[in-house]
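Please read the structure below before turning to the comments.
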Amino acid sequence: MKNLIPITLLLISGLFAGAQSNYDDLLELLVDEKYERCLYKAMKYTEEEKTTKEALPYLYVSMAYFRIDQSEDETLKAKYDKAFKESLKYAVKHRKKDKENAYFAEFADYFSELRTVTMSLAEMEMGEEKYTRSKGTYKYLCDIDANDVGAWLMKGYSEYMLKAKKDAELSWKEAKKLISEGAVSGLAEEQMKLFKKGVITISEKLDTDGSRSQAVEWLNLAQPFFGEDKEFNVTYRNIAG
């Protein structure tokens, strides 16, 4: 982790270089690893009348919480034992404030890092069959990026495993809509991995449950994107023939 911090900070510096200059004070605190002070100041911006409607302070709060969660300072982490969940909440708040999607591309590296850790958490929850938790975790990903096809698929899978089949159908319907509208072309690398995982996971489960036609439908929808992928093709051959 220590070896990764300088690289991460350089990435942060590069990302924020083109961002709104009004929050250079927060940038400086973040780069200096003064995460708690950054959190306090950013939180004040979200509460002040002049800045409460601006999107960036909420993103700084998210980043500060995330860095606290990823920190090696155990005392700080113990003080903010729900820091990771808060980082997700404020990332969602930022996205709601950033209605024009003005900053999402600028901070793509941060969102990618946040998604990767979130995906690992959800996978662990799934492995422990804690589907209510995994559903909530995947929902955060959907709220952070409504075009995240894989997140919708896995949210739907969690709902399916909870016997909430109508909810699962709605989540999967949204995923199909996004695929048909071409949203896949804008997905990041880790989102594409989740997309593949989602299709494989739900198609195998549907096939096991006797719904092979639905499983094949999903595999055919994903085939144009993963036709050269060995893992996908193993599942495709086993189910679709």
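Ordering of the structure tokens sets the chain letters (A, B, ...); residue numbers start at 1 within each chain; ligands are numbered from 1 in the order shown.
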
Identify, on the basis of only C-alpha atoms, every residue whose closest approach to segment 197-206 of chain A does not exceed 8 Å; exclude the query and any residue fewer than 2 positions from it along the same chain; express the result as a PDB file with C-alpha atoms, in the first residue's frame.
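Contents of part_8.pdb, freshly written:
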ATOM      1  CA  GLY A 150     -22.920  -5.176 -14.968  1.00  0.00           C
ATOM      2  CA  ALA A 151     -24.067  -3.493 -11.772  1.00  0.00           C
ATOM      3  CA  LEU A 153     -27.152  -7.409 -13.799  1.00  0.00           C
ATOM      4  CA  MET A 154     -25.632  -8.261 -10.429  1.00  0.00           C
ATOM      5  CA  TYR A 157     -29.025 -11.469  -9.500  1.00  0.00           C
ATOM      6  CA  LYS A 193     -15.427  -7.146 -16.394  1.00  0.00           C
ATOM      7  CA  LEU A 194     -18.504  -6.834 -14.205  1.00  0.00           C
ATOM      8  CA  PHE A 195     -20.711  -6.983 -17.300  1.00  0.00           C
ATOM      9  CA  THR A 208     -29.574 -24.500 -13.567  1.00  0.00           C
ATOM     10  CA  ASP A 209     -33.099 -23.392 -12.641  1.00  0.00           C
ATOM     11  CA  GLY A 210     -34.526 -24.705 -15.885  1.00  0.00           C
ATOM     12  CA  SER A 211     -34.731 -21.421 -17.782  1.00  0.00           C
ATOM     13  CA  ARG A 212     -32.244 -22.231 -20.531  1.00  0.00           C
ATOM     14  CA  GLN A 214     -33.528 -16.975 -20.916  1.00  0.00           C
ATOM     15  CA  ALA A 215     -29.922 -17.948 -20.265  1.00  0.00           C
ATOM     16  CA  VAL A 216     -29.254 -18.257 -23.991  1.00  0.00           C
ATOM     17  CA  TRP A 218     -28.476 -13.218 -22.198  1.00  0.00           C
ATOM     18  CA  LEU A 219     -25.496 -14.988 -23.711  1.00  0.00           C
ATOM     19  CA  ALA A 222     -23.360 -10.370 -24.635  1.00  0.00           C
ATOM     20  CA  PHE A 232     -17.290 -16.352 -21.763  1.00  0.00           C
ATOM     21  CA  THR A 235     -20.148 -20.756 -20.658  1.00  0.00           C
ATOM     22  CA  ILE A 239     -25.396 -23.524 -22.424  1.00  0.00           C
TER      23      ILE A 239
END

> atom CA of Asn220 of chain A and atom CA of Lys177 of chain A are how many Å apart?
Replying inline: 14.6 Å

> Taking the backbone alone, and naming residues the way the document does, which bits of segment 34-234 of chain A are helix (DSSP H, G or I) by DSSP, as a ChimeraX atom specification?
Replying inline: /A:35-47,56-70,74-79,83-97,108-127,131-144,149-161,165-180,183-186,189-208,212-226,230-234

>> Using only C-alpha atoms, which protein or nucleic acid residues come within 10 Å of Leu30 of chain A? Drop anything in the same chain fewer than 2 positions from it, and give the result as number ranges by chain.
In response: A: 9, 12-13, 24-28, 32-39, 60, 63-64, 67

Output N, CA, C and O atoms of each residue in that selection to a file, as a PDB file, in the first residue's frame.
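The resulting file, part-v6.pdb, is reproduced below:
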ATOM      1  N   LEU A   9      -1.372   9.675  -5.482  1.00  0.00           N
ATOM      2  CA  LEU A   9      -1.397  11.113  -5.269  1.00  0.00           C
ATOM      3  C   LEU A   9      -1.067  11.869  -6.547  1.00  0.00           C
ATOM      4  O   LEU A   9      -1.620  12.930  -6.812  1.00  0.00           O
ATOM      5  N   ILE A  12      -4.169  11.889  -8.504  1.00  0.00           N
ATOM      6  CA  ILE A  12      -5.099  12.871  -7.953  1.00  0.00           C
ATOM      7  C   ILE A  12      -4.704  14.272  -8.401  1.00  0.00           C
ATOM      8  O   ILE A  12      -5.544  15.060  -8.826  1.00  0.00           O
ATOM      9  N   SER A  13      -3.411  14.565  -8.343  1.00  0.00           N
ATOM     10  CA  SER A  13      -2.951  15.902  -8.736  1.00  0.00           C
ATOM     11  C   SER A  13      -3.296  16.181 -10.183  1.00  0.00           C
ATOM     12  O   SER A  13      -3.751  17.261 -10.531  1.00  0.00           O
ATOM     13  N   ASP A  24      -9.188  24.564  -4.417  1.00  0.00           N
ATOM     14  CA  ASP A  24      -7.773  24.236  -4.320  1.00  0.00           C
ATOM     15  C   ASP A  24      -7.364  23.940  -2.882  1.00  0.00           C
ATOM     16  O   ASP A  24      -6.407  23.202  -2.635  1.00  0.00           O
ATOM     17  N   ASP A  25      -8.080  24.532  -1.927  1.00  0.00           N
ATOM     18  CA  ASP A  25      -7.768  24.269  -0.523  1.00  0.00           C
ATOM     19  C   ASP A  25      -8.013  22.797  -0.182  1.00  0.00           C
ATOM     20  O   ASP A  25      -7.244  22.165   0.548  1.00  0.00           O
ATOM     21  N   LEU A  26      -9.061  22.239  -0.753  1.00  0.00           N
ATOM     22  CA  LEU A  26      -9.368  20.834  -0.519  1.00  0.00           C
ATOM     23  C   LEU A  26      -8.371  19.931  -1.239  1.00  0.00           C
ATOM     24  O   LEU A  26      -7.944  18.906  -0.704  1.00  0.00           O
ATOM     25  N   LEU A  27      -8.005  20.334  -2.431  1.00  0.00           N
ATOM     26  CA  LEU A  27      -7.009  19.580  -3.189  1.00  0.00           C
ATOM     27  C   LEU A  27      -5.698  19.484  -2.419  1.00  0.00           C
ATOM     28  O   LEU A  27      -5.112  18.410  -2.299  1.00  0.00           O
ATOM     29  N   GLU A  28      -5.267  20.614  -1.883  1.00  0.00           N
ATOM     30  CA  GLU A  28      -3.998  20.638  -1.157  1.00  0.00           C
ATOM     31  C   GLU A  28      -4.033  19.715   0.057  1.00  0.00           C
ATOM     32  O   GLU A  28      -3.077  18.973   0.312  1.00  0.00           O
ATOM     33  N   ASP A  32      -1.786  16.321   0.486  1.00  0.00           N
ATOM     34  CA  ASP A  32      -0.915  16.269   1.671  1.00  0.00           C
ATOM     35  C   ASP A  32      -1.312  15.158   2.649  1.00  0.00           C
ATOM     36  O   ASP A  32      -0.741  15.065   3.738  1.00  0.00           O
ATOM     37  N   GLU A  33      -2.323  14.354   2.240  1.00  0.00           N
ATOM     38  CA  GLU A  33      -2.807  13.237   3.056  1.00  0.00           C
ATOM     39  C   GLU A  33      -3.422  13.693   4.383  1.00  0.00           C
ATOM     40  O   GLU A  33      -3.450  12.942   5.358  1.00  0.00           O
ATOM     41  N   LYS A  34      -3.922  14.915   4.399  1.00  0.00           N
ATOM     42  CA  LYS A  34      -4.627  15.422   5.571  1.00  0.00           C
ATOM     43  C   LYS A  34      -6.121  15.170   5.366  1.00  0.00           C
ATOM     44  O   LYS A  34      -6.925  16.089   5.172  1.00  0.00           O
ATOM     45  N   TYR A  35      -6.454  13.903   5.382  1.00  0.00           N
ATOM     46  CA  TYR A  35      -7.784  13.479   4.958  1.00  0.00           C
ATOM     47  C   TYR A  35      -8.894  13.952   5.893  1.00  0.00           C
ATOM     48  O   TYR A  35      -9.972  14.332   5.441  1.00  0.00           O
ATOM     49  N   GLU A  36      -8.624  13.954   7.185  1.00  0.00           N
ATOM     50  CA  GLU A  36      -9.651  14.361   8.132  1.00  0.00           C
ATOM     51  C   GLU A  36      -9.959  15.851   7.981  1.00  0.00           C
ATOM     52  O   GLU A  36     -11.126  16.247   7.980  1.00  0.00           O
ATOM     53  N   ARG A  37      -8.934  16.674   7.844  1.00  0.00           N
ATOM     54  CA  ARG A  37      -9.148  18.107   7.651  1.00  0.00           C
ATOM     55  C   ARG A  37      -9.858  18.369   6.328  1.00  0.00           C
ATOM     56  O   ARG A  37     -10.729  19.237   6.227  1.00  0.00           O
ATOM     57  N   CYS A  38      -9.489  17.615   5.304  1.00  0.00           N
ATOM     58  CA  CYS A  38     -10.155  17.744   4.009  1.00  0.00           C
ATOM     59  C   CYS A  38     -11.634  17.404   4.143  1.00  0.00           C
ATOM     60  O   CYS A  38     -12.496  18.105   3.598  1.00  0.00           O
ATOM     61  N   LEU A  39     -11.909  16.367   4.891  1.00  0.00           N
ATOM     62  CA  LEU A  39     -13.296  15.948   5.108  1.00  0.00           C
ATOM     63  C   LEU A  39     -14.098  17.050   5.788  1.00  0.00           C
ATOM     64  O   LEU A  39     -15.213  17.381   5.349  1.00  0.00           O
ATOM     65  N   TYR A  60     -15.308  15.669  -3.065  1.00  0.00           N
ATOM     66  CA  TYR A  60     -14.186  15.741  -2.135  1.00  0.00           C
ATOM     67  C   TYR A  60     -14.495  14.989  -0.837  1.00  0.00           C
ATOM     68  O   TYR A  60     -13.623  14.338  -0.271  1.00  0.00           O
ATOM     69  N   MET A  63     -14.041  11.379  -1.630  1.00  0.00           N
ATOM     70  CA  MET A  63     -12.631  11.016  -1.747  1.00  0.00           C
ATOM     71  C   MET A  63     -11.936  11.002  -0.397  1.00  0.00           C
ATOM     72  O   MET A  63     -11.100  10.130  -0.132  1.00  0.00           O
ATOM     73  N   ALA A  64     -12.263  11.958   0.452  1.00  0.00           N
ATOM     74  CA  ALA A  64     -11.653  12.003   1.780  1.00  0.00           C
ATOM     75  C   ALA A  64     -12.032  10.762   2.589  1.00  0.00           C
ATOM     76  O   ALA A  64     -11.175  10.124   3.223  1.00  0.00           O
ATOM     77  N   ARG A  67     -10.139   7.746   1.158  1.00  0.00           N
ATOM     78  CA  ARG A  67      -8.722   7.707   1.548  1.00  0.00           C
ATOM     79  C   ARG A  67      -8.561   7.327   3.018  1.00  0.00           C
ATOM     80  O   ARG A  67      -7.597   6.655   3.388  1.00  0.00           O
TER      81      ARG A  67
END

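Considering the residues A:Asp148, A:Glu47, A:Asp207, A:Ala175 and counting only C-alpha atoms, Asn238 of chain A has its shortest atom-to-atom contact with A:Asp207.
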
>> Please compute the atom CA of Gln70 of chain A-atom CA of Asn22 of chain A distance, one decimal, in Å.
In response: 26.3 Å

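With distances restricted to only C-alpha atoms, A:Thr132 is the closest residue to Lys163 of chain A from A:Thr132, A:Lys96, A:Gly182, A:Gln191.
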
>> Rounded to one decimal, what separation in Å do you get between atom CA of Ser112 of chain A and atom CA of Glu190 of chain A?
In response: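 Between atom CA of Ser112 of chain A and atom CA of Glu190 of chain A the gap works out to 7.2 Å.
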
>> I'd like the neighbourhood of Phe104 of chain A as a list in words, where a residue qualifies if any of its atoms comes within 12 Å (using only C-alpha atoms), though same-chain residues fewer than 2 positions away should be ignored.
In response: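 Everything that qualifies: Leu15, Phe16, Ala19, Ala55, Leu56, Leu59, Ala91, Val92, His94, Arg95, Lys96, Lys97, Asp98, Lys99, Glu100, Asn101, Ala102, Glu106, Phe107, Ala108, Asp109, Tyr110, Phe111, Ser112, Ile144, Asp145 and Ala188 of chain A.
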
> From the set A:Lys166, A:Asp81, A:Phe66, A:Ile179, which residue has the shortest atom-to-atom contact distance to Thr118 of chain A, counting only C-alpha atoms?
Replying inline: A:Phe66

>> Counting only C-alpha atoms, which residue out of A:Asp69, A:Thr137, A:Ser87, A:Gln223 sits closest to Arg237 of chain A?
In response: A:Gln223
